[in-house]
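Engineer: After the structure tokens below, expect a handful of questions from me.
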Amino acid sequence: SDAPDGPYSLKVLAGDASALVDDLGLTALSVIGVSLGGMVAQVLAAEMPDRIQRVVLSNTAERMGTSGMWENRIAAVQSKGLASIADAVLDRWFAPGFGSGAGIALWRNMLIRTPAKGYAGCCKALAEADLGAVSPRIGCPTLVVGGSADGASPPGIVRALARAIPGAAYQEIDGVGHLPMAEAPARFAR
């Protein structure tokens, strides 16, 4: 999608997703959200209970990081560009050992080619996001997935999210980081 001027909020991002659901005329959805997308999926599941039949929330939480951490990241991206933070971000995203060869180079390239204003806008949404009142309202079947080596959303905060959602199941994938669908696609799909 495009990257309009920010800053963004979780309400705006979830509103965009909801508008897309409406525009496509979708009435029965299974939603998978990863990281910030998992936070958007939480909002959708809580606010669209008649349309969201089940949800998978991967490597996400009710709150990720601190406002100060995200504000520092925004400042770095705005002053020095995404390349200045790319290696640190990738270290948080991937388990040790994944970073060899072309695989990590592709992810680094994707990250540094992201529009800086869009990345900074999403960081602002994360800085302000707190879904402590939202996740307990999720009523559909929910699977929460974490990676044992996730440096961006450590297993403890992902497990806490699962405990906050009534009836949610938690599954941790051993040896993977923040993007298990990249590191262990077959295990993630299973």
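Labels for the structure tokens follow display order: chains A, B, ..., residues from 1 in each chain, ligands from 1.
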With only C-alpha atoms as the counted atoms, please give the residues lying no more than 6 Å from His178 of chain A, apart from itself and same-chain residues fewer than 3 positions off, as a JSON list (two decimals) with all heavy atoms, in the first residue's frame.

Structural biologist:
```
[["chain", "number", "residue", "atom", "x", "y", "z"],
["A", 59, "ASN", "N", 3.61, -13.06, 16.91],
["A", 59, "ASN", "CA", 4.73, -12.20, 17.31],
["A", 59, "ASN", "C", 4.25, -10.77, 17.55],
["A", 59, "ASN", "O", 4.79, -9.82, 16.99],
["A", 59, "ASN", "CB", 5.84, -12.28, 16.27],
["A", 59, "ASN", "CG", 6.29, -13.72, 16.09],
["A", 59, "ASN", "OD1", 5.63, -14.49, 15.41],
["A", 59, "ASN", "ND2", 7.38, -14.07, 16.72],
["A", 93, "TRP", "N", 14.74, -9.05, 14.63],
["A", 93, "TRP", "CA", 13.75, -9.82, 13.88],
["A", 93, "TRP", "C", 14.11, -11.29, 13.76],
["A", 93, "TRP", "O", 13.21, -12.13, 13.75],
["A", 93, "TRP", "CB", 13.59, -9.25, 12.47],
["A", 93, "TRP", "CG", 12.72, -8.05, 12.35],
["A", 93, "TRP", "CD1", 12.07, -7.37, 13.34],
["A", 93, "TRP", "CD2", 12.41, -7.36, 11.14],
["A", 93, "TRP", "NE1", 11.37, -6.30, 12.82],
["A", 93, "TRP", "CE2", 11.57, -6.27, 11.46],
["A", 93, "TRP", "CE3", 12.78, -7.55, 9.82],
["A", 93, "TRP", "CZ2", 11.08, -5.40, 10.51],
["A", 93, "TRP", "CZ3", 12.30, -6.67, 8.87],
["A", 93, "TRP", "CH2", 11.45, -5.60, 9.21],
["A", 150, "ASP", "N", 12.63, -14.38, 19.55],
["A", 150, "ASP", "CA", 12.14, -13.09, 19.06],
["A", 150, "ASP", "C", 12.67, -11.96, 19.93],
["A", 150, "ASP", "O", 12.35, -11.88, 21.12],
["A", 150, "ASP", "CB", 10.60, -13.09, 19.06],
["A", 150, "ASP", "CG", 10.00, -11.88, 18.38],
["A", 150, "ASP", "OD1", 10.71, -10.88, 18.15],
["A", 150, "ASP", "OD2", 8.79, -11.93, 18.08]]
```

Engineer: Would you kindly return, as a list in words, each protein, DNA or RNA residue with an atom no farther than 12 Å from any atom of segment 1-5 of chain A, considering only C-alpha atoms and excluding same-chain residues fewer than 3 positions away?

Structural biologist: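 Returned residues: Tyr8, Ser9, Val12, Leu13, Asp16, Ala17, Leu20, Thr114, Pro115, Ala116, Lys117, Gly118, Tyr119, Ala120, Gly121, Cys122 and Lys124 of chain A.
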
Engineer: Please dump the current selection as a compact mmCIF listing (two decimals), in the first residue's frame; keep C-alpha atoms.

Structural biologist:
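Result file out-v1.txt:
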```txt
# COMPACT_ATOMS: atom_id res chain seq x y z
CA TYR A 8 -0.30 7.04 12.00
CA SER A 9 -2.28 5.50 14.83
CA VAL A 12 -6.18 4.70 11.53
CA LEU A 13 -4.43 1.48 10.46
CA ASP A 16 -7.92 1.23 6.70
CA ALA A 17 -8.15 -2.56 7.04
CA LEU A 20 -10.84 -2.69 2.72
CA THR A 114 10.47 0.97 2.78
CA PRO A 115 9.37 4.60 2.55
CA ALA A 116 10.92 6.32 5.58
CA LYS A 117 7.77 8.35 6.28
CA GLY A 118 5.68 5.18 6.29
CA TYR A 119 8.10 3.39 8.62
CA ALA A 120 8.23 6.40 10.95
CA GLY A 121 4.43 6.67 10.86
CA CYS A 122 4.08 3.03 11.89
CA LYS A 124 4.43 6.39 15.95
```

Engineer: So that I can see what lies close to Arg137 of chain A, please list as a list in words the residues with an atom at most 10 Å from it, counting only C-alpha atoms and leaving out residues fewer than 6 positions away in the same chain.

Structural biologist: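 Final neighbour list, sorted by chain and number: Gln42, Val43, Ala45, Ala46, Glu47, Pro49, Ala164, Ile165 and Pro166 of chain A.
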
Engineer: Which parts of segment 99-144 of chain A does DSSP call alpha helix (DSSP H) when run on the backbone here, written out as a PyMOL selection string?

Structural biologist: chain A and resi 102-112+116-128

Engineer: For Ser58 of chain A, find every residue with an atom within 8 Å (counting only C-alpha atoms), except residues of its own chain fewer than 3 positions away, and show them as a list in words.

Structural biologist: Ile32, Gly33, Val34, Ser35, Gly38, Val144, Val145 and Gly146 of chain A

Engineer: To test your reading of the structure, identify every residue in chain A that backbone DSSP assigns to strand (DSSP E or B), and report it as a list in words.

Structural biologist: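 Selection result, strand (DSSP E or B) within chain A: Leu29, Ser30, Val31, Ile32, Gly33, Val34, Ile52, Gln53, Arg54, Val55, Val56, Leu57, Ser58, Thr142, Leu143, Val144, Val145, Gly146, Gly147, Ala169, Tyr170, Gln171, Glu172 and Ile173 of chain A.
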
Engineer: Measuring atom to atom with only C-alpha atoms, identify which of A:Leu131, A:Ala182, A:Cys123, A:Leu26 is nearest to Gln78 of chain A.

Structural biologist: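 Looking at the shortest contact to Gln78 of chain A, the residue is A:Cys123.
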
Engineer: Just want the 12 Å neighbourhood of Ala162 of chain A, counted on only C-alpha atoms, with same-chain residues fewer than 5 positions away dropped. Output as a ChimeraX atom specification.

Structural biologist: /A:42,55-62,132,135-136,138,141-146,155-157,167-172

Engineer: Counting only C-alpha atoms, figure out which residue out of A:Leu161, A:Val21, A:Ala129, A:Ala186 gets nearest to Thr66 of chain A.

Structural biologist: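 When distances to Thr66 of chain A are compared using only C-alpha atoms, the smallest one comes from A:Ala129.
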
Engineer: Nearest residue to Ala83 of chain A out of A:Ser148, A:Asn109, A:Thr27, A:Ser67, using only C-alpha atoms?

Structural biologist: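 Closest to Ala83 of chain A of all the choices is A:Asn109.
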
Engineer: Have a look at atom CA of Ser84 of chain A and atom CA of Pro7 of chain A and let me know their distance in Å, one decimal.

Structural biologist: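 Atom-to-atom, atom CA of Ser84 of chain A to atom CA of Pro7 of chain A, that is 20.4 Å.
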
Engineer: Within 12 Å of Ile104 of chain A, counting only C-alpha atoms, which residues show up once you throw out same-chain ones fewer than 2 positions away? Write them as a ChimeraX atom specification, please.

Structural biologist: /A:86-87,89-91,93-102,106-111,179,182-183

Engineer: Quick one, how far is atom CA of Met64 of chain A from atom CA of Ala160 of chain A?

Structural biologist: 11.7 Å
